[in-house]
Amino acid sequence: MSRCLIRSALRWLRLQRLRLLGVEIVHPRYLGSAIDCRRGFLTAPGRIQIGTGAGIEQGVVLHAYGGLIRIGPAVFLGPYAVIYGHGGVEIGEETLVSMHCRILSSNHAVPSPGTSIRTQPDVHLRTKIGRDVWLGAGVTVLGGVTIGDGCVVGAGAVVTHDVPPYSISIGVPAEVVRQRQ
């Protein structure tokens with residue numbers, strides 16, 4: 001059996017597995033091994049939508065937790081990227097999400113002392129990443145943030161607030177250092 005035929009069969013099996021898990025996906029460009037997709041709650045399952053031509057590397061985690069994860073066409077998710085969709089995550093087309101990035105869409109309420117943080121409900125915070133964005137390796141995007149079209153976020157940055165279109169941000173917390181020319 002040729003390598004090409006084996007790769008094609010593995011791709012087909014991975015695609016069918018994701019569909020069985022309830023992922024809405026049509027024509028991916030690439031599907032790596034060990035992609036972990038969970039829609040969440042039985043009474044109100046979330047949705048995971050993956051656009052045409054998306055590439056998803058090995059070890060990617062997509063947990064909707066009853067919310068929505070929408071990945072646009074031709075998006076690339078690097079190895080071991082994690083996306084939690086409680087409050088909704090949208091990633092625009094042709095965006096690059098590098099290895100080990102984390103994209104969140106919720107936070108915990110912080111109660112007064114004497115009340116356990118763990119017992120507090122999640123606060124849902126919609127997160128939106130525009131089209132043609134590049135998130136460098138290990139970037140963390142916190143819930144409620146919007147990253148505009150065409151942005152570049154440097155490796156290891158923690159994005160805690162909105163980033164205007166076509167800007168370059170670095171650091172912890174991420175700060176805009178210049179605009180793309």
# chains A, B, ... in the order shown; residues from 1 in each chain; ligands from 1
$ residues_around --residues "Val176 of chain A" --least-positions-apart "5" --cutoff "10 Å" --atoms "only C-alpha atoms" --output "ChimeraX atom specification"
/A:151-153,163-164,167-171
$ residues_around --residues "Ile83 of chain A" --least-positions-apart "6" --cutoff "8 Å" --atoms "only C-alpha atoms" --output "list in words"
Val61, Leu62, His63, Ala64, Ile69, Val89, Arg102, Ile103 and Leu104 of chain A
$ write_last_selection --atoms "N, CA and C atoms" --output "short mmCIF file (atom, residue, chain, number, x, y, z; two decimals), in the first residue's frame"
data_model
loop_
_atom_site.label_atom_id
_atom_site.label_comp_id
_atom_site.auth_asym_id
_atom_site.auth_seq_id
_atom_site.Cartn_x
_atom_site.Cartn_y
_atom_site.Cartn_z
N VAL A 61 -6.75 21.06 21.18
CA VAL A 61 -7.90 20.87 22.06
C VAL A 61 -8.96 21.92 21.71
N LEU A 62 -10.16 21.45 21.36
CA LEU A 62 -11.29 22.33 21.07
C LEU A 62 -12.43 21.90 21.97
N HIS A 63 -12.66 22.62 23.07
CA HIS A 63 -13.73 22.29 24.02
C HIS A 63 -14.74 23.43 24.01
N ALA A 64 -15.92 23.17 23.50
CA ALA A 64 -16.95 24.22 23.40
C ALA A 64 -17.64 24.46 24.74
N ILE A 69 -17.42 27.46 19.12
CA ILE A 69 -16.09 27.70 18.56
C ILE A 69 -16.28 27.71 17.06
N VAL A 89 -15.98 31.67 20.78
CA VAL A 89 -14.70 32.05 20.17
C VAL A 89 -14.90 32.04 18.66
N ARG A 102 -3.21 29.51 23.66
CA ARG A 102 -4.42 29.29 24.45
C ARG A 102 -5.38 30.42 24.18
N ILE A 103 -6.61 30.07 23.82
CA ILE A 103 -7.64 31.07 23.55
C ILE A 103 -8.82 30.75 24.47
N LEU A 104 -9.17 31.70 25.33
CA LEU A 104 -10.21 31.49 26.33
C LEU A 104 -11.40 32.38 26.06
#
$ residues_around --residues "Leu18 of chain A" --least-positions-apart "5" --cutoff "10 Å" --atoms "only C-alpha atoms" --output "PDB file with C-alpha atoms, in the first residue's frame"
ATOM      1  CA  LEU A  13     -10.733   8.330   9.453  1.00  0.00           C
ATOM      2  CA  VAL A  23     -17.906  18.791  14.789  1.00  0.00           C
ATOM      3  CA  GLU A  24     -19.222  20.678  11.753  1.00  0.00           C
ATOM      4  CA  ILE A  25     -16.416  20.283   9.220  1.00  0.00           C
ATOM      5  CA  LEU A  31      -5.968  16.970  10.300  1.00  0.00           C
ATOM      6  CA  ILE A  35      -7.332  16.221  18.120  1.00  0.00           C
ATOM      7  CA  ASP A  36      -9.522  16.511  21.240  1.00  0.00           C
ATOM      8  CA  CYS A  37     -12.974  17.950  20.476  1.00  0.00           C
ATOM      9  CA  ARG A  38     -15.765  18.176  23.037  1.00  0.00           C
ATOM     10  CA  ILE A  48     -17.621  23.454  16.905  1.00  0.00           C
TER      11      ILE A  48
END
$ atom_distance --atom1 "atom CA of Leu5 of chain A" --atom2 "atom CA of Glu94 of chain A"
27.9 Å
$ closest_residue --among "A:Arg11, A:Arg39, A:Arg29, A:Arg126" --to "Gly143 of chain A" --atoms "only C-alpha atoms"
A:Arg126
$ atom_distance --atom1 "atom CA of Ser112 of chain A" --atom2 "atom CA of Gly66 of chain A"
27.5 Å
$ select_by_dssp --residues "segment 7-113 of chain A" --states "strand (DSSP E or B)" --output "PyMOL selection string"
chain A and resi 24-25+30-31+36-38+47-50+55-56+61-63+68-71+76-77+82-84+89-91+96-97+102-103+106-108
$ write_last_selection --atoms "C-alpha atoms" --output "JSON list (two decimals), in the first residue's frame"
[["chain", "number", "residue", "atom", "x", "y", "z"],
["A", 24, "GLU", "CA", -19.22, 20.68, 11.75],
["A", 25, "ILE", "CA", -16.42, 20.28, 9.22],
["A", 30, "TYR", "CA", -4.98, 18.85, 7.14],
["A", 31, "LEU", "CA", -5.97, 16.97, 10.30],
["A", 36, "ASP", "CA", -9.52, 16.51, 21.24],
["A", 37, "CYS", "CA", -12.97, 17.95, 20.48],
["A", 38, "ARG", "CA", -15.76, 18.18, 23.04],
["A", 47, "ARG", "CA", -20.98, 23.77, 18.58],
["A", 48, "ILE", "CA", -17.62, 23.45, 16.91],
["A", 49, "GLN", "CA", -17.50, 24.73, 13.31],
["A", 50, "ILE", "CA", -14.38, 24.38, 11.20],
["A", 55, "GLY", "CA", -5.35, 22.84, 9.01],
["A", 56, "ILE", "CA", -5.38, 21.39, 12.49],
["A", 61, "VAL", "CA", -7.90, 20.87, 22.06],
["A", 62, "LEU", "CA", -11.29, 22.33, 21.07],
["A", 63, "HIS", "CA", -13.73, 22.29, 24.02],
["A", 68, "LEU", "CA", -19.50, 28.06, 20.17],
["A", 69, "ILE", "CA", -16.09, 27.70, 18.56],
["A", 70, "ARG", "CA", -16.11, 28.99, 14.98],
["A", 71, "ILE", "CA", -12.89, 28.53, 13.03],
["A", 76, "PHE", "CA", -4.11, 26.98, 10.83],
["A", 77, "LEU", "CA", -4.08, 25.69, 14.41],
["A", 82, "VAL", "CA", -6.12, 24.98, 23.19],
["A", 83, "ILE", "CA", -9.44, 26.76, 22.60],
["A", 84, "TYR", "CA", -12.19, 26.89, 25.25],
["A", 89, "VAL", "CA", -14.70, 32.05, 20.17],
["A", 90, "GLU", "CA", -14.53, 33.19, 16.57],
["A", 91, "ILE", "CA", -11.34, 33.01, 14.49],
["A", 96, "LEU", "CA", -2.29, 31.42, 12.02],
["A", 97, "VAL", "CA", -2.46, 30.15, 15.59],
["A", 102, "ARG", "CA", -4.42, 29.29, 24.45],
["A", 103, "ILE", "CA", -7.64, 31.07, 23.55],
["A", 106, "SER", "CA", -14.62, 32.77, 30.12],
["A", 107, "ASN", "CA", -13.31, 33.62, 33.56],
["A", 108, "HIS", "CA", -14.23, 32.80, 37.13]]
$ closest_residue --among "A:Tyr65, A:Tyr166, A:Tyr80, A:Trp134" --to "Asp149 of chain A" --atoms "only C-alpha atoms"
A:Tyr166
$ closest_residue --among "A:Arg17, A:Val26, A:Gly78, A:Gly85" --to "Gly46 of chain A" --atoms "only C-alpha atoms"
A:Gly85
$ atom_distance --atom1 "atom CA of Ala34 of chain A" --atom2 "atom CA of Val60 of chain A"
7.4 Å
$ residues_around --residues "Pro73 of chain A" --least-positions-apart "6" --cutoff "9 Å" --atoms "only C-alpha atoms" --output "VMD selection string"
chain A and resid 28 50 to 54 92 to 95
$ write_last_selection --atoms "C-alpha atoms" --output "short mmCIF file (atom, residue, chain, number, x, y, z; two decimals), in the first residue's frame"
data_model
loop_
_atom_site.label_atom_id
_atom_site.label_comp_id
_atom_site.auth_asym_id
_atom_site.auth_seq_id
_atom_site.Cartn_x
_atom_site.Cartn_y
_atom_site.Cartn_z
CA PRO A 28 -10.09 20.42 5.93
CA ILE A 50 -14.38 24.38 11.20
CA GLY A 51 -14.17 26.19 7.86
CA THR A 52 -13.04 24.81 4.52
CA GLY A 53 -9.30 24.43 4.08
CA ALA A 54 -8.46 24.63 7.78
CA GLY A 92 -11.30 34.77 11.11
CA GLU A 93 -10.12 33.26 7.87
CA GLU A 94 -6.44 32.74 7.05
CA THR A 95 -5.36 33.21 10.66
#
$ residues_around --residues "Ser33 of chain A" --least-positions-apart "6" --cutoff "8 Å" --atoms "only C-alpha atoms" --output "PyMOL selection string"
chain A and resi 14+57-59
$ closest_residue --among "A:Arg3, A:His86, A:Arg180, A:His161" --to "Leu125 of chain A" --atoms "only C-alpha atoms"
A:His86
$ closest_residue --among "A:Gly67, A:Gly148, A:Gly130, A:Gly72" --to "Gly87 of chain A" --atoms "only C-alpha atoms"
A:Gly67
$ closest_residue --among "A:Cys101, A:Phe41, A:Pro113, A:Asp132" --to "Ala157 of chain A" --atoms "only C-alpha atoms"
A:Cys101
$ decode --residues "segment 137-162 of chain A" --atoms "N, CA and C atoms" --output "PDB file, in the first residue's frame"
ATOM      1  N   ALA A 137       4.029  31.621  18.942  1.00  0.00           N
ATOM      2  CA  ALA A 137       4.057  30.456  19.827  1.00  0.00           C
ATOM      3  C   ALA A 137       3.753  30.841  21.266  1.00  0.00           C
ATOM      4  N   GLY A 138       2.857  30.089  21.894  1.00  0.00           N
ATOM      5  CA  GLY A 138       2.580  30.249  23.308  1.00  0.00           C
ATOM      6  C   GLY A 138       1.782  31.483  23.692  1.00  0.00           C
ATOM      7  N   VAL A 139       1.129  32.132  22.754  1.00  0.00           N
ATOM      8  CA  VAL A 139       0.300  33.305  23.077  1.00  0.00           C
ATOM      9  C   VAL A 139      -0.929  32.863  23.861  1.00  0.00           C
ATOM     10  N   THR A 140      -1.341  33.669  24.839  1.00  0.00           N
ATOM     11  CA  THR A 140      -2.587  33.455  25.571  1.00  0.00           C
ATOM     12  C   THR A 140      -3.514  34.629  25.276  1.00  0.00           C
ATOM     13  N   VAL A 141      -4.734  34.317  24.831  1.00  0.00           N
ATOM     14  CA  VAL A 141      -5.752  35.337  24.585  1.00  0.00           C
ATOM     15  C   VAL A 141      -6.838  35.129  25.632  1.00  0.00           C
ATOM     16  N   LEU A 142      -7.043  36.121  26.503  1.00  0.00           N
ATOM     17  CA  LEU A 142      -8.034  35.995  27.562  1.00  0.00           C
ATOM     18  C   LEU A 142      -9.437  36.301  27.054  1.00  0.00           C
ATOM     19  N   GLY A 143     -10.425  35.837  27.793  1.00  0.00           N
ATOM     20  CA  GLY A 143     -11.815  36.008  27.422  1.00  0.00           C
ATOM     21  C   GLY A 143     -12.225  37.464  27.308  1.00  0.00           C
ATOM     22  N   GLY A 144     -13.101  37.742  26.336  1.00  0.00           N
ATOM     23  CA  GLY A 144     -13.634  39.077  26.151  1.00  0.00           C
ATOM     24  C   GLY A 144     -12.789  39.968  25.264  1.00  0.00           C
ATOM     25  N   VAL A 145     -11.705  39.451  24.716  1.00  0.00           N
ATOM     26  CA  VAL A 145     -10.784  40.231  23.899  1.00  0.00           C
ATOM     27  C   VAL A 145     -11.164  40.134  22.427  1.00  0.00           C
ATOM     28  N   THR A 146     -10.983  41.240  21.704  1.00  0.00           N
ATOM     29  CA  THR A 146     -11.095  41.252  20.247  1.00  0.00           C
ATOM     30  C   THR A 146      -9.742  41.642  19.684  1.00  0.00           C
ATOM     31  N   ILE A 147      -9.228  40.812  18.788  1.00  0.00           N
ATOM     32  CA  ILE A 147      -7.977  41.103  18.086  1.00  0.00           C
ATOM     33  C   ILE A 147      -8.369  41.430  16.647  1.00  0.00           C
ATOM     34  N   GLY A 148      -8.040  42.635  16.198  1.00  0.00           N
ATOM     35  CA  GLY A 148      -8.443  43.099  14.882  1.00  0.00           C
ATOM     36  C   GLY A 148      -7.773  42.358  13.739  1.00  0.00           C
ATOM     37  N   ASP A 149      -8.309  42.558  12.537  1.00  0.00           N
ATOM     38  CA  ASP A 149      -7.754  41.953  11.324  1.00  0.00           C
ATOM     39  C   ASP A 149      -6.286  42.331  11.157  1.00  0.00           C
ATOM     40  N   GLY A 150      -5.506  41.398  10.639  1.00  0.00           N
ATOM     41  CA  GLY A 150      -4.132  41.676  10.254  1.00  0.00           C
ATOM     42  C   GLY A 150      -3.135  41.873  11.374  1.00  0.00           C
ATOM     43  N   CYS A 151      -3.497  41.547  12.602  1.00  0.00           N
ATOM     44  CA  CYS A 151      -2.579  41.746  13.741  1.00  0.00           C
ATOM     45  C   CYS A 151      -1.515  40.658  13.817  1.00  0.00           C
ATOM     46  N   VAL A 152      -0.411  41.009  14.447  1.00  0.00           N
ATOM     47  CA  VAL A 152       0.640  40.064  14.802  1.00  0.00           C
ATOM     48  C   VAL A 152       0.826  40.176  16.309  1.00  0.00           C
ATOM     49  N   VAL A 153       0.782  39.026  16.998  1.00  0.00           N
ATOM     50  CA  VAL A 153       0.999  39.004  18.444  1.00  0.00           C
ATOM     51  C   VAL A 153       2.226  38.135  18.697  1.00  0.00           C
ATOM     52  N   GLY A 154       3.241  38.725  19.315  1.00  0.00           N
ATOM     53  CA  GLY A 154       4.526  38.057  19.522  1.00  0.00           C
ATOM     54  C   GLY A 154       4.456  36.879  20.473  1.00  0.00           C
ATOM     55  N   ALA A 155       5.369  35.950  20.282  1.00  0.00           N
ATOM     56  CA  ALA A 155       5.439  34.723  21.075  1.00  0.00           C
ATOM     57  C   ALA A 155       5.410  35.017  22.564  1.00  0.00           C
ATOM     58  N   GLY A 156       4.618  34.235  23.293  1.00  0.00           N
ATOM     59  CA  GLY A 156       4.555  34.326  24.739  1.00  0.00           C
ATOM     60  C   GLY A 156       3.710  35.461  25.295  1.00  0.00           C
ATOM     61  N   ALA A 157       3.139  36.294  24.432  1.00  0.00           N
ATOM     62  CA  ALA A 157       2.346  37.431  24.899  1.00  0.00           C
ATOM     63  C   ALA A 157       1.052  36.954  25.560  1.00  0.00           C
ATOM     64  N   VAL A 158       0.539  37.777  26.477  1.00  0.00           N
ATOM     65  CA  VAL A 158      -0.761  37.532  27.106  1.00  0.00           C
ATOM     66  C   VAL A 158      -1.654  38.715  26.740  1.00  0.00           C
ATOM     67  N   VAL A 159      -2.659  38.448  25.911  1.00  0.00           N
ATOM     68  CA  VAL A 159      -3.543  39.501  25.420  1.00  0.00           C
ATOM     69  C   VAL A 159      -4.693  39.664  26.401  1.00  0.00           C
ATOM     70  N   THR A 160      -4.727  40.804  27.096  1.00  0.00           N
ATOM     71  CA  THR A 160      -5.720  41.053  28.144  1.00  0.00           C
ATOM     72  C   THR A 160      -6.766  42.093  27.738  1.00  0.00           C
ATOM     73  N   HIS A 161      -6.527  42.788  26.613  1.00  0.00           N
ATOM     74  CA  HIS A 161      -7.468  43.811  26.155  1.00  0.00           C
ATOM     75  C   HIS A 161      -7.470  43.845  24.629  1.00  0.00           C
ATOM     76  N   ASP A 162      -8.450  44.533  24.048  1.00  0.00           N
ATOM     77  CA  ASP A 162      -8.596  44.582  22.592  1.00  0.00           C
ATOM     78  C   ASP A 162      -7.335  45.125  21.917  1.00  0.00           C
TER      79      ASP A 162
END
